[in-house]
Amino acid sequence: LVTGVQTCALPIYLGQREAPSSTFRAFDAGRRHACGINASGTPECWGSNNSGQLDLPTEYDAELVSVTAGGHHSCVLDRDGHLTCAISDDSPNNQGQGSHPQEAYTLDLAGVRDNPGHQDGAADTALFNQPSGAIYDNAGNLYIADTGNHRIRRVTPSGIVSTYAGQATPGSSNGSRLEAQFNEPRGLTWAPDGSLVIADSGNHLIRAISSDGVV
């Protein structure tokens, strides 16, 4: 988190140093303006507002994850991959900044691309090995069949990855979810009683983790 007033050292003309006294999750400085996503998850922009380049909406369907302030435009990206931009009428459209695709972009939700392994923690540094099936629960947690690690992993809505079930060594033993073993688990689904059902591919079995954590 950065505080706008303390981190802005832009030229004072056109007001781009006059940042609001907010705390920001993300921040970017353009040529004549700057923008941030504040702690409430809404964008704040300040500086020159040539024909509306600062006029981003204040409400979005999904959480904002990134912001950019260009020469004549401001853009925010939400967690569902949708891009929203405010672009000045007199934009020279350098490099196509005056237009952008309307379809959702693909986001890397968790893991490090082309770097297999097993590591829990923040979503952008956690490691997976050939993840396959995935399913959400009603609380917004994402469960992933981490096939190459023989484990079931969980990603919380706040982006923290943990090992939900299984061990590093493949096997078929039952027991508590962190003591049980799987062998290349793949598909996941929910049973009517709330159990997490797993297609344990390497063991040729269908397994279930009960709501109280027993396999």
# chains A, B, ... in the order shown; residues from 1 in each chain; ligands from 1
>>> residues_around(residues="region 55-71 of chain A", least_positions_apart="3", cutoff="6 Å", atoms="only C-alpha atoms", output="NGL selection string")
:A and (28-31 or 34-35 or 42 or 52 or 74-79 or 86)
>>> residues_around(residues="Asn115 (chain A)", least_positions_apart="4", cutoff="10 Å", atoms="only C-alpha atoms", output="PyMOL selection string")
chain A and resi 111+126-129
>>> residues_around(residues="Ile135 (chain A)", least_positions_apart="3", cutoff="8 Å", atoms="only C-alpha atoms", output="ChimeraX atom specification")
/A:142-144,188-189
>>> atom_distance(atom1="CA of Asn49 (chain A)", atom2="CA of His73 (chain A)")
9.3 Å
>>> select_by_dssp(residues="region 141-203 of chain A", states="helix (DSSP H, G or I)", output="PyMOL selection string")
chain A and resi 147-149+201-203
>>> write_last_selection(atoms="N, CA and C atoms", output="CSV table (one decimal), in the first residue's frame")
chain,number,residue,atom,x,y,z
A,147,THR,N,-2.4,-31.9,-9.8
A,147,THR,CA,-2.2,-33.3,-10.2
A,147,THR,C,-0.8,-33.7,-10.0
A,148,GLY,N,0.2,-33.0,-10.5
A,148,GLY,CA,1.6,-33.4,-10.4
A,148,GLY,C,2.1,-33.4,-9.0
A,149,ASN,N,1.5,-32.7,-8.1
A,149,ASN,CA,1.9,-32.7,-6.6
A,149,ASN,C,1.1,-33.6,-5.8
A,201,SER,N,-7.2,-40.0,-10.2
A,201,SER,CA,-6.9,-40.7,-11.5
A,201,SER,C,-5.8,-41.8,-11.4
A,202,GLY,N,-4.7,-41.5,-10.7
A,202,GLY,CA,-3.6,-42.5,-10.6
A,202,GLY,C,-4.0,-43.8,-9.8
A,203,ASN,N,-5.0,-43.6,-8.9
A,203,ASN,CA,-5.4,-44.8,-8.1
A,203,ASN,C,-6.7,-45.4,-8.7
>>> residues_around(residues="region 172-179 of chain A", least_positions_apart="6", cutoff="7 Å", atoms="only C-alpha atoms", output="PyMOL selection string")
chain A and resi 164-166+203+209+213-215
>>> atom_distance(atom1="CA of Gly36 (chain A)", atom2="CA of Phe24 (chain A)")
5.9 Å
>>> residues_around(residues="Gly121 (chain A)", least_positions_apart="6", cutoff="10 Å", atoms="only C-alpha atoms", output="mmCIF file with all heavy atoms, in the first residue's frame")
data_model
loop_
_atom_site.group_PDB
_atom_site.id
_atom_site.type_symbol
_atom_site.label_atom_id
_atom_site.label_comp_id
_atom_site.auth_asym_id
_atom_site.auth_seq_id
_atom_site.Cartn_x
_atom_site.Cartn_y
_atom_site.Cartn_z
ATOM 1 N N GLY A 111 -0.211 -18.963 -9.111
ATOM 2 C CA GLY A 111 0.908 -19.709 -9.647
ATOM 3 C C GLY A 111 1.868 -18.841 -10.441
ATOM 4 O O GLY A 111 1.589 -17.674 -10.720
ATOM 5 N N LEU A 127 3.312 -22.059 -6.077
ATOM 6 C CA LEU A 127 3.687 -22.933 -7.190
ATOM 7 C C LEU A 127 2.770 -24.145 -7.250
ATOM 8 O O LEU A 127 2.379 -24.694 -6.214
ATOM 9 C CB LEU A 127 5.140 -23.390 -7.050
ATOM 10 C CG LEU A 127 6.216 -22.300 -7.038
ATOM 11 C CD1 LEU A 127 7.600 -22.919 -6.849
ATOM 12 C CD2 LEU A 127 6.167 -21.460 -8.305
ATOM 13 N N VAL A 155 -7.336 -21.807 -2.796
ATOM 14 C CA VAL A 155 -7.027 -20.386 -2.924
ATOM 15 C C VAL A 155 -8.179 -19.605 -2.317
ATOM 16 O O VAL A 155 -9.331 -19.741 -2.750
ATOM 17 C CB VAL A 155 -6.841 -19.965 -4.400
ATOM 18 C CG1 VAL A 155 -6.384 -18.512 -4.479
ATOM 19 C CG2 VAL A 155 -5.845 -20.872 -5.111
ATOM 20 N N GLY A 159 -6.611 -14.366 -1.949
ATOM 21 C CA GLY A 159 -5.427 -14.721 -2.727
ATOM 22 C C GLY A 159 -4.355 -15.475 -1.988
ATOM 23 O O GLY A 159 -3.183 -15.401 -2.355
ATOM 24 N N ILE A 160 -4.712 -16.231 -0.938
ATOM 25 C CA ILE A 160 -3.737 -17.032 -0.203
ATOM 26 C C ILE A 160 -3.923 -18.497 -0.578
ATOM 27 O O ILE A 160 -5.025 -19.040 -0.507
ATOM 28 C CB ILE A 160 -3.892 -16.856 1.318
ATOM 29 C CG1 ILE A 160 -3.717 -15.383 1.693
ATOM 30 C CG2 ILE A 160 -2.875 -17.718 2.063
ATOM 31 C CD1 ILE A 160 -2.367 -14.787 1.302
ATOM 32 N N VAL A 161 -2.825 -19.139 -0.981
ATOM 33 C CA VAL A 161 -2.844 -20.537 -1.409
ATOM 34 C C VAL A 161 -2.361 -21.420 -0.265
ATOM 35 O O VAL A 161 -1.343 -21.121 0.379
ATOM 36 C CB VAL A 161 -1.942 -20.748 -2.643
ATOM 37 C CG1 VAL A 161 -1.929 -22.217 -3.061
ATOM 38 C CG2 VAL A 161 -2.396 -19.863 -3.794
ATOM 39 N N SER A 162 -3.090 -22.517 -0.020
ATOM 40 C CA SER A 162 -2.680 -23.488 0.990
ATOM 41 C C SER A 162 -2.909 -24.893 0.461
ATOM 42 O O SER A 162 -3.638 -25.098 -0.518
ATOM 43 C CB SER A 162 -3.450 -23.284 2.299
ATOM 44 O OG SER A 162 -4.838 -23.484 2.106
ATOM 45 N N THR A 163 -2.278 -25.862 1.104
ATOM 46 C CA THR A 163 -2.511 -27.266 0.773
ATOM 47 C C THR A 163 -3.701 -27.738 1.585
ATOM 48 O O THR A 163 -3.663 -27.737 2.816
ATOM 49 C CB THR A 163 -1.270 -28.115 1.077
ATOM 50 O OG1 THR A 163 -0.185 -27.654 0.256
ATOM 51 C CG2 THR A 163 -1.531 -29.572 0.799
#
